[in-house]
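Listing of work.pdb, PDB, C-alpha atoms, pLDDT in the B column
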MODEL        1
ATOM      1  CA  MET Q  82       0.000   0.000   0.000  1.00 38.00           C
ATOM      2  CA  THR Q  83       2.842   2.397   0.865  1.00 32.00           C
ATOM      3  CA  ARG Q  84       4.396   1.895  -2.573  1.00 35.00           C
ATOM      4  CA  VAL Q  85       1.064   2.656  -4.248  1.00 32.00           C
ATOM      5  CA  LEU Q  86       0.668   5.864  -2.263  1.00 30.00           C
ATOM      6  CA  TRP Q  87       4.179   6.977  -3.151  1.00 33.00           C
ATOM      7  CA  ALA Q  88       3.534   6.233  -6.812  1.00 35.00           C
ATOM      8  CA  LEU Q  89       0.312   8.277  -6.756  1.00 30.00           C
ATOM      9  CA  LEU Q  90       2.108  11.119  -5.000  1.00 29.00           C
ATOM     10  CA  ALA Q  91       4.841  11.074  -7.669  1.00 33.00           C
ATOM     11  CA  LEU Q  92       2.210  11.382 -10.391  1.00 32.00           C
ATOM     12  CA  VAL Q  93       0.585  14.325  -8.648  1.00 33.00           C
ATOM     13  CA  VAL Q  94       3.915  16.106  -8.200  1.00 35.00           C
ATOM     14  CA  ALA Q  95       5.035  15.413 -11.744  1.00 39.00           C
ATOM     15  CA  GLY Q  96       1.688  16.365 -13.264  1.00 40.00           C
ATOM     16  CA  PRO Q  97       0.327  14.999 -16.535  1.00 43.00           C
ATOM     17  CA  ALA Q  98       2.754  13.825 -19.216  1.00 47.00           C
ATOM     18  CA  ALA Q  99       3.679  16.529 -21.698  1.00 60.00           C
ATOM     19  CA  ALA Q 100       1.967  16.246 -25.066  1.00 80.00           C
ATOM     20  CA  PHE Q 101       4.147  15.416 -28.048  1.00 92.00           C
ATOM     21  CA  ASP Q 102       5.547  18.611 -29.581  1.00 96.00           C
ATOM     22  CA  ALA Q 103       5.974  18.049 -33.313  1.00 97.00           C
ATOM     23  CA  ALA Q 104       7.404  21.535 -33.906  1.00 97.00           C
ATOM     24  CA  ALA Q 105      10.325  20.761 -31.592  1.00 97.00           C
ATOM     25  CA  HIS Q 106      11.484  18.146 -34.107  1.00 97.00           C
ATOM     26  CA  LEU Q 107      11.259  20.423 -37.142  1.00 98.00           C
ATOM     27  CA  GLN Q 108      14.345  22.497 -36.550  1.00 96.00           C
ATOM     28  CA  PRO Q 109      16.254  24.026 -39.499  1.00 97.00           C
ATOM     29  CA  ARG Q 110      18.697  21.576 -41.043  1.00 97.00           C
ATOM     30  CA  SER Q 111      20.593  20.778 -44.224  1.00 97.00           C
ATOM     31  CA  ASP Q 112      21.960  17.285 -44.854  1.00 96.00           C
ATOM     32  CA  ARG Q 113      23.981  15.816 -47.715  1.00 96.00           C
ATOM     33  CA  TYR Q 114      23.442  12.314 -49.076  1.00 95.00           C
ATOM     34  CA  ALA Q 115      25.397  10.112 -51.466  1.00 93.00           C
ATOM     35  CA  VAL Q 116      23.022   8.763 -54.106  1.00 91.00           C
ATOM     36  CA  GLU Q 117      23.407   5.458 -55.971  1.00 88.00           C
ATOM     37  CA  TRP Q 118      21.260   3.874 -58.669  1.00 84.00           C
ATOM     38  CA  SER Q 119      21.760   0.126 -59.251  1.00 80.00           C
ATOM     39  CA  GLY Q 120      25.161   0.394 -57.570  1.00 83.00           C
ATOM     40  CA  ILE Q 121      26.334   3.310 -59.729  1.00 81.00           C
ATOM     41  CA  SER Q 122      27.085   6.651 -58.082  1.00 85.00           C
ATOM     42  CA  LEU Q 123      24.842   9.465 -59.300  1.00 82.00           C
ATOM     43  CA  GLY Q 124      26.445  12.182 -57.193  1.00 86.00           C
ATOM     44  CA  GLU Q 125      25.124  13.991 -54.135  1.00 91.00           C
ATOM     45  CA  GLY Q 126      21.789  15.327 -52.967  1.00 90.00           C
ATOM     46  CA  THR Q 127      21.003  17.886 -50.285  1.00 95.00           C
ATOM     47  CA  ILE Q 128      17.799  17.844 -48.253  1.00 96.00           C
ATOM     48  CA  ALA Q 129      17.035  21.002 -46.274  1.00 97.00           C
ATOM     49  CA  LEU Q 130      14.279  22.124 -43.927  1.00 98.00           C
ATOM     50  CA  ALA Q 131      13.588  25.746 -42.971  1.00 98.00           C
ATOM     51  CA  GLY Q 132      10.735  27.281 -40.962  1.00 97.00           C
ATOM     52  CA  ASP Q 133       9.155  30.685 -41.452  1.00 95.00           C
ATOM     53  CA  GLY Q 134       8.290  31.285 -37.799  1.00 94.00           C
ATOM     54  CA  THR Q 135       4.534  30.835 -38.327  1.00 95.00           C
ATOM     55  CA  GLY Q 136       4.352  27.040 -38.118  1.00 96.00           C
ATOM     56  CA  CYS Q 137       4.993  26.551 -41.833  1.00 98.00           C
ATOM     57  CA  TYR Q 138       8.075  25.065 -43.481  1.00 98.00           C
ATOM     58  CA  ARG Q 139       9.997  24.872 -46.733  1.00 98.00           C
ATOM     59  CA  TYR Q 140      11.341  21.370 -47.369  1.00 98.00           C
ATOM     60  CA  SER Q 141      13.620  21.043 -50.390  1.00 97.00           C
ATOM     61  CA  SER Q 142      15.808  18.573 -52.211  1.00 95.00           C
ATOM     62  CA  THR Q 143      18.509  19.610 -54.676  1.00 91.00           C
ATOM     63  CA  THR Q 144      21.004  17.428 -56.515  1.00 87.00           C
ATOM     64  CA  ALA Q 145      24.601  17.778 -57.646  1.00 82.00           C
ATOM     65  CA  PRO Q 146      24.843  14.876 -60.099  1.00 74.00           C
ATOM     66  CA  ILE Q 147      28.000  13.728 -61.818  1.00 69.00           C
ATOM     67  CA  ALA Q 148      28.531  15.232 -65.287  1.00 59.00           C
ATOM     68  CA  LEU Q 149      27.167  12.299 -67.322  1.00 55.00           C
ATOM     69  CA  VAL Q 150      24.016  12.087 -65.205  1.00 56.00           C
ATOM     70  CA  ARG Q 151      23.441  15.828 -65.456  1.00 61.00           C
ATOM     71  CA  TRP Q 152      23.825  15.701 -69.225  1.00 56.00           C
ATOM     72  CA  THR Q 153      21.478  12.744 -69.754  1.00 60.00           C
ATOM     73  CA  TYR Q 154      18.967  13.116 -66.927  1.00 64.00           C
ATOM     74  CA  GLY Q 155      19.361  16.606 -65.501  1.00 63.00           C
ATOM     75  CA  ALA Q 156      19.461  17.854 -61.924  1.00 74.00           C
ATOM     76  CA  PRO Q 157      15.926  17.450 -60.539  1.00 85.00           C
ATOM     77  CA  ARG Q 158      14.696  19.607 -57.671  1.00 92.00           C
ATOM     78  CA  GLU Q 159      11.800  18.998 -55.300  1.00 95.00           C
ATOM     79  CA  GLU Q 160      10.272  21.524 -52.944  1.00 97.00           C
ATOM     80  CA  SER Q 161       7.394  21.087 -50.542  1.00 98.00           C
ATOM     81  CA  HIS Q 162       5.753  23.803 -48.470  1.00 98.00           C
ATOM     82  CA  PHE Q 163       3.799  22.462 -45.526  1.00 98.00           C
ATOM     83  CA  CYS Q 164       2.380  23.660 -42.226  1.00 98.00           C
ATOM     84  CA  LEU Q 165       1.751  22.011 -38.877  1.00 97.00           C
ATOM     85  CA  ARG Q 166      -1.931  21.837 -37.935  1.00 95.00           C
ATOM     86  CA  ASP Q 167      -2.603  20.269 -34.526  1.00 93.00           C
ATOM     87  CA  GLY Q 168       0.813  18.646 -34.767  1.00 94.00           C
ATOM     88  CA  GLU Q 169       0.158  17.091 -38.178  1.00 96.00           C
ATOM     89  CA  VAL Q 170       1.913  17.801 -41.486  1.00 98.00           C
ATOM     90  CA  MET Q 171      -0.447  19.583 -43.892  1.00 98.00           C
ATOM     91  CA  PRO Q 172       1.118  20.143 -47.332  1.00 98.00           C
ATOM     92  CA  GLU Q 173       0.285  23.431 -49.029  1.00 98.00           C
ATOM     93  CA  ARG Q 174       2.311  23.277 -52.236  1.00 98.00           C
ATOM     94  CA  PHE Q 175       4.710  20.883 -53.942  1.00 98.00           C
ATOM     95  CA  GLU Q 176       6.842  21.374 -57.031  1.00 98.00           C
ATOM     96  CA  TYR Q 177       9.033  18.971 -58.962  1.00 95.00           C
ATOM     97  CA  VAL Q 178      11.316  20.479 -61.601  1.00 93.00           C
ATOM     98  CA  ASN Q 179      13.713  18.687 -63.944  1.00 87.00           C
ATOM     99  CA  ASP Q 180      15.729  20.971 -66.205  1.00 79.00           C
ATOM    100  CA  LYS Q 181      16.345  18.189 -68.754  1.00 73.00           C
ATOM    101  CA  ARG Q 182      12.940  16.532 -68.704  1.00 72.00           C
ATOM    102  CA  GLY Q 183      10.416  19.325 -68.597  1.00 72.00           C
ATOM    103  CA  GLY Q 184       7.574  16.930 -69.312  1.00 84.00           C
ATOM    104  CA  ASP Q 185       8.142  15.287 -65.931  1.00 89.00           C
ATOM    105  CA  SER Q 186       7.870  18.580 -64.030  1.00 95.00           C
ATOM    106  CA  PHE Q 187       4.639  19.320 -62.176  1.00 97.00           C
ATOM    107  CA  ARG Q 188       3.116  21.294 -59.323  1.00 98.00           C
ATOM    108  CA  LEU Q 189       0.529  20.466 -56.656  1.00 98.00           C
ATOM    109  CA  ASP Q 190      -1.552  23.028 -54.752  1.00 98.00           C
ATOM    110  CA  PHE Q 191      -3.545  21.743 -51.785  1.00 98.00           C
ATOM    111  CA  ASP Q 192      -6.879  23.377 -50.952  1.00 98.00           C
ATOM    112  CA  TRP Q 193      -7.832  21.878 -47.613  1.00 97.00           C
ATOM    113  CA  ARG Q 194     -10.860  24.125 -47.149  1.00 96.00           C
ATOM    114  CA  ASN Q 195     -12.467  22.514 -50.200  1.00 98.00           C
ATOM    115  CA  ALA Q 196     -10.700  19.145 -49.840  1.00 97.00           C
ATOM    116  CA  GLN Q 197      -9.108  19.475 -53.280  1.00 98.00           C
ATOM    117  CA  VAL Q 198      -5.672  19.280 -54.846  1.00 98.00           C
ATOM    118  CA  LYS Q 199      -4.849  21.086 -58.082  1.00 98.00           C
ATOM    119  CA  THR Q 200      -2.223  19.627 -60.399  1.00 98.00           C
ATOM    120  CA  LEU Q 201      -0.452  21.618 -63.080  1.00 98.00           C
ATOM    121  CA  LYS Q 202       1.584  19.548 -65.545  1.00 97.00           C
ATOM    122  CA  ALA Q 203       2.600  20.372 -69.107  1.00 94.00           C
ATOM    123  CA  GLY Q 204       0.246  23.364 -69.043  1.00 95.00           C
ATOM    124  CA  VAL Q 205      -2.775  21.228 -68.102  1.00 97.00           C
ATOM    125  CA  LEU Q 206      -4.620  21.933 -64.850  1.00 98.00           C
ATOM    126  CA  THR Q 207      -6.580  19.144 -63.172  1.00 98.00           C
ATOM    127  CA  VAL Q 208      -8.520  19.204 -59.911  1.00 98.00           C
ATOM    128  CA  ARG Q 209      -8.972  16.129 -57.750  1.00 98.00           C
ATOM    129  CA  ARG Q 210     -10.829  15.605 -54.509  1.00 98.00           C
ATOM    130  CA  LEU Q 211      -8.651  14.731 -51.531  1.00 97.00           C
ATOM    131  CA  PRO Q 212      -9.650  11.474 -49.813  1.00 93.00           C
ATOM    132  CA  GLY Q 213      -8.651  12.776 -46.383  1.00 95.00           C
ATOM    133  CA  PRO Q 214      -5.218  13.401 -44.852  1.00 96.00           C
ATOM    134  CA  ALA Q 215      -2.667  13.156 -47.675  1.00 98.00           C
ATOM    135  CA  TYR Q 216       0.893  14.177 -48.490  1.00 98.00           C
ATOM    136  CA  ASP Q 217       2.951  14.983 -51.529  1.00 98.00           C
ATOM    137  CA  ARG Q 218       5.735  12.520 -52.302  1.00 95.00           C
ATOM    138  CA  PHE Q 219       8.322  14.612 -50.459  1.00 95.00           C
ATOM    139  CA  SER Q 220       6.540  15.883 -47.331  1.00 97.00           C
ATOM    140  CA  ILE Q 221       5.409  12.297 -46.636  1.00 97.00           C
ATOM    141  CA  ARG Q 222       8.953  11.686 -45.370  1.00 96.00           C
ATOM    142  CA  GLU Q 223       8.512  14.205 -42.561  1.00 97.00           C
ATOM    143  CA  ALA Q 224       5.024  12.870 -41.787  1.00 98.00           C
ATOM    144  CA  VAL Q 225       6.480   9.357 -41.415  1.00 97.00           C
ATOM    145  CA  ARG Q 226       9.362  10.673 -39.310  1.00 98.00           C
ATOM    146  CA  LEU Q 227       6.957  12.431 -36.916  1.00 98.00           C
ATOM    147  CA  TRP Q 228       4.885   9.237 -36.662  1.00 98.00           C
ATOM    148  CA  VAL Q 229       8.052   7.346 -35.656  1.00 97.00           C
ATOM    149  CA  LEU Q 230       8.841   9.989 -33.032  1.00 97.00           C
ATOM    150  CA  ARG Q 231       5.299   9.693 -31.676  1.00 97.00           C
ATOM    151  CA  ASN Q 232       5.712   5.917 -31.550  1.00 96.00           C
ATOM    152  CA  ARG Q 233       8.900   6.310 -29.541  1.00 95.00           C
ATOM    153  CA  ALA Q 234       6.985   8.602 -27.186  1.00 94.00           C
ATOM    154  CA  GLY Q 235       4.304   5.921 -26.768  1.00 94.00           C
ATOM    155  CA  GLU Q 236       1.650   7.887 -28.674  1.00 95.00           C
ATOM    156  CA  ALA Q 237       1.419   5.972 -31.980  1.00 96.00           C
ATOM    157  CA  PRO Q 238       1.176   2.326 -33.138  1.00 96.00           C
ATOM    158  CA  ASP Q 239       3.957   0.272 -34.745  1.00 96.00           C
ATOM    159  CA  GLU Q 240       2.219   0.440 -38.144  1.00 97.00           C
ATOM    160  CA  ALA Q 241       0.548   3.358 -39.905  1.00 97.00           C
ATOM    161  CA  GLU Q 242      -0.897   4.213 -43.311  1.00 97.00           C
ATOM    162  CA  PHE Q 243      -0.180   7.378 -45.287  1.00 97.00           C
ATOM    163  CA  VAL Q 244      -1.808   8.527 -48.525  1.00 97.00           C
ATOM    164  CA  MET Q 245       0.548  10.007 -51.115  1.00 97.00           C
ATOM    165  CA  VAL Q 246      -0.561  12.427 -53.838  1.00 98.00           C
ATOM    166  CA  ASP Q 247       1.438  12.183 -57.059  1.00 96.00           C
ATOM    167  CA  ASP Q 248       0.908  13.974 -60.363  1.00 96.00           C
ATOM    168  CA  ASP Q 249      -1.646  11.439 -61.592  1.00 94.00           C
ATOM    169  CA  ARG Q 250      -2.762   9.268 -58.694  1.00 95.00           C
ATOM    170  CA  PHE Q 251      -3.340   8.740 -54.999  1.00 97.00           C
ATOM    171  CA  LYS Q 252      -1.643   5.795 -53.370  1.00 94.00           C
ATOM    172  CA  ALA Q 253      -1.877   4.479 -49.804  1.00 94.00           C
ATOM    173  CA  PHE Q 254       1.341   3.173 -48.289  1.00 94.00           C
ATOM    174  CA  ARG Q 255       1.627   1.217 -45.068  1.00 95.00           C
ATOM    175  CA  PHE Q 256       4.736   1.623 -42.935  1.00 96.00           C
ATOM    176  CA  ALA Q 257       5.980  -0.613 -40.130  1.00 97.00           C
ATOM    177  CA  ILE Q 258       8.679  -0.137 -37.510  1.00 97.00           C
ATOM    178  CA  VAL Q 259      10.907  -3.226 -37.664  1.00 95.00           C
ATOM    179  CA  GLY Q 260      13.537  -2.659 -34.986  1.00 95.00           C
ATOM    180  CA  LEU Q 261      16.853  -1.100 -34.047  1.00 96.00           C
ATOM    181  CA  GLU Q 262      19.946  -1.979 -36.081  1.00 96.00           C
ATOM    182  CA  ARG Q 263      23.612  -0.990 -36.018  1.00 96.00           C
ATOM    183  CA  ILE Q 264      24.672   0.244 -39.449  1.00 95.00           C
ATOM    184  CA  VAL Q 265      27.869   1.739 -40.850  1.00 94.00           C
ATOM    185  CA  THR Q 266      27.425   4.843 -43.001  1.00 89.00           C
ATOM    186  CA  ALA Q 267      29.729   7.388 -44.573  1.00 86.00           C
ATOM    187  CA  ALA Q 268      28.898   9.538 -41.538  1.00 87.00           C
ATOM    188  CA  GLY Q 269      30.142   6.748 -39.250  1.00 90.00           C
ATOM    189  CA  PRO Q 270      28.517   3.823 -37.373  1.00 94.00           C
ATOM    190  CA  LEU Q 271      25.039   4.572 -36.092  1.00 95.00           C
ATOM    191  CA  ASP Q 272      22.222   2.866 -34.246  1.00 97.00           C
ATOM    192  CA  ALA Q 273      19.178   3.309 -36.456  1.00 97.00           C
ATOM    193  CA  LEU Q 274      15.531   2.345 -36.287  1.00 97.00           C
ATOM    194  CA  ARG Q 275      14.523   0.414 -39.395  1.00 97.00           C
ATOM    195  CA  VAL Q 276      11.199   1.383 -40.953  1.00 97.00           C
ATOM    196  CA  GLU Q 277       9.749  -0.406 -43.990  1.00 95.00           C
ATOM    197  CA  ARG Q 278       7.092   0.363 -46.544  1.00 92.00           C
ATOM    198  CA  ILE Q 279       5.434  -3.007 -46.485  1.00 87.00           C
ATOM    199  CA  ASP Q 280       2.692  -3.080 -49.108  1.00 74.00           C
ATOM    200  CA  ASP Q 281       4.328  -1.938 -52.331  1.00 68.00           C
ATOM    201  CA  LYS Q 282       5.825  -3.742 -55.321  1.00 75.00           C
ATOM    202  CA  ARG Q 283       8.924  -1.639 -54.793  1.00 79.00           C
ATOM    203  CA  PRO Q 284       9.859  -2.159 -51.124  1.00 86.00           C
ATOM    204  CA  HIS Q 285      11.387   0.820 -49.373  1.00 90.00           C
ATOM    205  CA  HIS Q 286      13.591   0.612 -46.288  1.00 93.00           C
ATOM    206  CA  TYR Q 287      14.464   3.596 -44.101  1.00 96.00           C
ATOM    207  CA  TRP Q 288      16.967   3.815 -41.254  1.00 97.00           C
ATOM    208  CA  LEU Q 289      16.296   6.658 -38.793  1.00 98.00           C
ATOM    209  CA  ALA Q 290      18.957   7.494 -36.201  1.00 97.00           C
ATOM    210  CA  PRO Q 291      17.708   8.310 -32.668  1.00 96.00           C
ATOM    211  CA  GLU Q 292      20.888  10.247 -31.868  1.00 95.00           C
ATOM    212  CA  ARG Q 293      20.086  12.529 -34.833  1.00 95.00           C
ATOM    213  CA  ASP Q 294      16.464  13.071 -33.835  1.00 97.00           C
ATOM    214  CA  TYR Q 295      15.367  10.222 -36.122  1.00 97.00           C
ATOM    215  CA  LEU Q 296      16.777  11.788 -39.273  1.00 96.00           C
ATOM    216  CA  PRO Q 297      16.946   9.268 -42.144  1.00 96.00           C
ATOM    217  CA  VAL Q 298      20.572   8.183 -42.451  1.00 96.00           C
ATOM    218  CA  ARG Q 299      19.962   5.550 -45.142  1.00 96.00           C
ATOM    219  CA  ILE Q 300      17.154   5.007 -47.648  1.00 94.00           C
ATOM    220  CA  GLU Q 301      16.872   2.029 -49.993  1.00 93.00           C
ATOM    221  CA  GLN Q 302      14.369   1.138 -52.715  1.00 90.00           C
ATOM    222  CA  PHE Q 303      14.112  -2.292 -54.340  1.00 88.00           C
ATOM    223  CA  LYS Q 304      12.611  -3.601 -57.558  1.00 82.00           C
ATOM    224  CA  GLY Q 305      12.411  -7.249 -58.534  1.00 80.00           C
ATOM    225  CA  GLY Q 306      14.430  -8.193 -55.465  1.00 80.00           C
ATOM    226  CA  LYS Q 307      17.347  -5.964 -56.470  1.00 84.00           C
ATOM    227  CA  ARG Q 308      18.357  -2.696 -54.883  1.00 87.00           C
ATOM    228  CA  GLU Q 309      17.476   0.133 -57.232  1.00 86.00           C
ATOM    229  CA  LEU Q 310      18.112   3.276 -55.172  1.00 88.00           C
ATOM    230  CA  ARG Q 311      20.299   3.999 -52.193  1.00 91.00           C
ATOM    231  CA  MET Q 312      20.780   7.265 -50.334  1.00 93.00           C
ATOM    232  CA  GLU Q 313      23.214   7.488 -47.431  1.00 95.00           C
ATOM    233  CA  LEU Q 314      24.013  10.378 -45.127  1.00 95.00           C
ATOM    234  CA  LEU Q 315      27.391  12.048 -45.650  1.00 95.00           C
ATOM    235  CA  PRO Q 316      29.518  13.622 -42.892  1.00 93.00           C
TER     236      PRO Q 316
ENDMDL
END
Step by step, read the file and then write its structure as structure tokens.
Amino acid sequence: MTRVLWALLALVVAGPAAAFDAAAHLQPRSDRYAVEWSGISLGEGTIALAGDGTGCYRYSSTTAPIALVRWTYGAPREESHFCLRDGEVMPERFEYVNDKRGGDSFRLDFDWRNAQVKTLKAGVLTVRRLPGPAYDRFSIREAVRLWVLRNRAGEAPDEAEFVMVDDDRFKAFRFAIVGLERIVTAAGPLDALRVERIDDKRPHHYWLAPERDYLPVRIEQFKGGKRELRMELLP
């Protein structure tokens, strides 16, 4: 009985557990990754996050490909603008630009008031109805990362589904937290939580490092059982 009373007293003194603060994990950052395709180096990519002080963020990816890749494929750039609403990622605008393949470039504008997303591609504007919470193909990474952080805080399950909006489709992806692994990266050895996209023909594996606030330190994509894409954090 005495132990129970002391435990209750500790809860009273400590007060209720603090709610998860998503904004605390969206600090400005810029990280470089080595990028490989089918085992061939494509060069480097930089992923950066910056806030505007109002709860909204600019999330961008730029590439510095090797000369042959730049000449044949270009240097694609992705940029997502999103805001936090009740601790959840709400994309506002997404743009993909490829200087060599203009036909692949497109833009998404999210209209949450009317539950619509507008797509502009090759001069053609289309309007689609949003099925509910959804993310562009870049901001979904931060949404998944925040889910993992909530899971670590005991506020989210080990599996979760996210809907991605692309230029021509919606697709639901299910993610699962597999476990902690020790991996060796260009940035050194790291303990990383392995997260997998489990219901896609092209499996994706992500390693998120707790000591780096669950930043992805390695990303892999497979096709036909073979590794197609690999991104790894650089020092």
On this structure, which residues satisfy the PyMOL selection byres ((chain Q and resi 260-266) around 8), written as a list in words?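 Output of the PyMOL selection byres ((chain Q and resi 260-266) around 8): Ile258, Val259, Ala267, Ala268, Gly269, Pro270, Leu271, Asp272, Ala273, Leu274, Arg275, Val276, Val298, Arg299, Glu313, Leu314 and Leu315 of chain Q.
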When distances are computed from all atoms listed in the file, which of Q:Glu240, Q:Glu173, Q:Asp112, Q:Glu160 shows the smallest separation from Gln197 of chain Q?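 For Gln197 of chain Q, the nearest of the candidates is Q:Glu173.
You will find atom CA of His286 of chain Q at 5.1 Å from atom CA of Glu301 of chain Q.
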Distance of atom CA of Arg158 of chain Q from atom CA of Pro212 of chain Q, expressed in Å to one decimal place: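 We find that atom CA of Pro212 of chain Q and atom CA of Arg158 of chain Q lie 26.8 Å from each other.
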Excluding same-chain residues fewer than 6 positions from segment 126-132 of chain Q, what lies within 7 Å of it counting only C-alpha atoms, as number ranges by chain? Q: 109-116, 138-145
Grab the atom CA of Asp102 of chain Q to atom CA of Val244 of chain Q distance for me, in Å with one decimal place.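 Taking atom CA of Asp102 of chain Q as the start and atom CA of Val244 of chain Q as the end point, the length is 22.7 Å.
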Return the single residue from Q:Tyr295, Q:Pro316, Q:Asp248, Q:Arg222 that is closest to Arg278 of chain Q, with distances computed using only C-alpha atoms.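 Residue with the minimum atom-to-atom distance to Arg278 of chain Q: Q:Arg222.
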Selected residue, from Q:Ile121, Q:Val198, Q:Leu165, Q:Leu230, that lies nearest to Arg293 of chain Q when counting only C-alpha atoms: Q:Leu230
Given the file shown, determine the residues that the PyMOL selection byres ((chain Q and resi 285) around 12) selects; report them as a VMD selection string. chain Q and resid 222 254 to 257 275 to 284 286 to 288 299 to 304 306 to 312
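For the residues Q:Ala215, Q:Val170, Q:Val178, Q:Ala100, ranking by smallest atom-to-atom distance to Glu242 of chain Q using only C-alpha atoms places Q:Ala215 first.
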In terms of the shortest atom-to-atom distance over only C-alpha atoms, which of Q:Ala224, Q:Arg174, Q:Gly213, Q:Ser119 is closest to Gly305 of chain Q?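 Smallest separation from Gly305 of chain Q among the options: Q:Ser119.
Once the PyMOL selection byres ((chain Q and resi 205) around 12) is applied to the shown structure, the selection contains Q:Gly184, Q:Ser186, Q:Phe187, Q:Arg188, Q:Leu189, Q:Lys199, Q:Thr200, Q:Leu201, Q:Lys202, Q:Ala203, Q:Gly204, Q:Leu206, Q:Thr207, Q:Val208, Q:Asp248, Q:Asp249.
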Same residues, C-alpha atoms, saved as a PDB file, in the frame of the given file:
ATOM      1  CA  GLY Q 184       7.574  16.930 -69.312  1.00 84.00           C
ATOM      2  CA  SER Q 186       7.870  18.580 -64.030  1.00 95.00           C
ATOM      3  CA  PHE Q 187       4.639  19.320 -62.176  1.00 97.00           C
ATOM      4  CA  ARG Q 188       3.116  21.294 -59.323  1.00 98.00           C
ATOM      5  CA  LEU Q 189       0.529  20.466 -56.656  1.00 98.00           C
ATOM      6  CA  LYS Q 199      -4.849  21.086 -58.082  1.00 98.00           C
ATOM      7  CA  THR Q 200      -2.223  19.627 -60.399  1.00 98.00           C
ATOM      8  CA  LEU Q 201      -0.452  21.618 -63.080  1.00 98.00           C
ATOM      9  CA  LYS Q 202       1.584  19.548 -65.545  1.00 97.00           C
ATOM     10  CA  ALA Q 203       2.600  20.372 -69.107  1.00 94.00           C
ATOM     11  CA  GLY Q 204       0.246  23.364 -69.043  1.00 95.00           C
ATOM     12  CA  LEU Q 206      -4.620  21.933 -64.850  1.00 98.00           C
ATOM     13  CA  THR Q 207      -6.580  19.144 -63.172  1.00 98.00           C
ATOM     14  CA  VAL Q 208      -8.520  19.204 -59.911  1.00 98.00           C
ATOM     15  CA  ASP Q 248       0.908  13.974 -60.363  1.00 96.00           C
ATOM     16  CA  ASP Q 249      -1.646  11.439 -61.592  1.00 94.00           C
TER      17      ASP Q 249
END
Determine, counting only C-alpha atoms, which protein, DNA and RNA residues have an atom within 8 Å of an atom of Pro146 of chain Q; residues of the same chain fewer than 6 positions away are not included. Present the result as a ChimeraX atom specification. /Q:123-126,155-156
Just write the chosen residues, C-alpha atoms, as a compact mmCIF listing (two decimals), in the coordinates of the input.
# COMPACT_ATOMS: atom_id res chain seq x y z
CA LEU Q 123 24.84 9.46 -59.30
CA GLY Q 124 26.44 12.18 -57.19
CA GLU Q 125 25.12 13.99 -54.14
CA GLY Q 126 21.79 15.33 -52.97
CA GLY Q 155 19.36 16.61 -65.50
CA ALA Q 156 19.46 17.85 -61.92
Step by step: start from the point (8.3, 15.2, -33.1) in the file's coordinates, keep every protein, DNA or RNA residue that has an atom no farther than 10 Å from it, count all atoms listed in the file, and write the set as a PyMOL selection string. chain Q and resi 101-107+168-169+223-224+226-234+294-295
Between Q:Asp167, Q:Asp133, Q:Ser122, Q:Asp247, single out the one closest to Asp185 of chain Q, counting all atoms listed in the file.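 The answer is Q:Asp247, which sits nearest to Asp185 of chain Q.
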Using the file's own x, y and z axes, what box holds all listed atoms of segment 223-237 of chain Q with 3 Å on each side, keeping edges along x, y and z, and what are its centre and edge lengths in Å to one decimal, as lines of an AutoDock Vina configuration file?
center_x = 5.4
center_y = 10.1
center_z = -34.7
size_x = 13.9
size_y = 14.3
size_z = 21.8
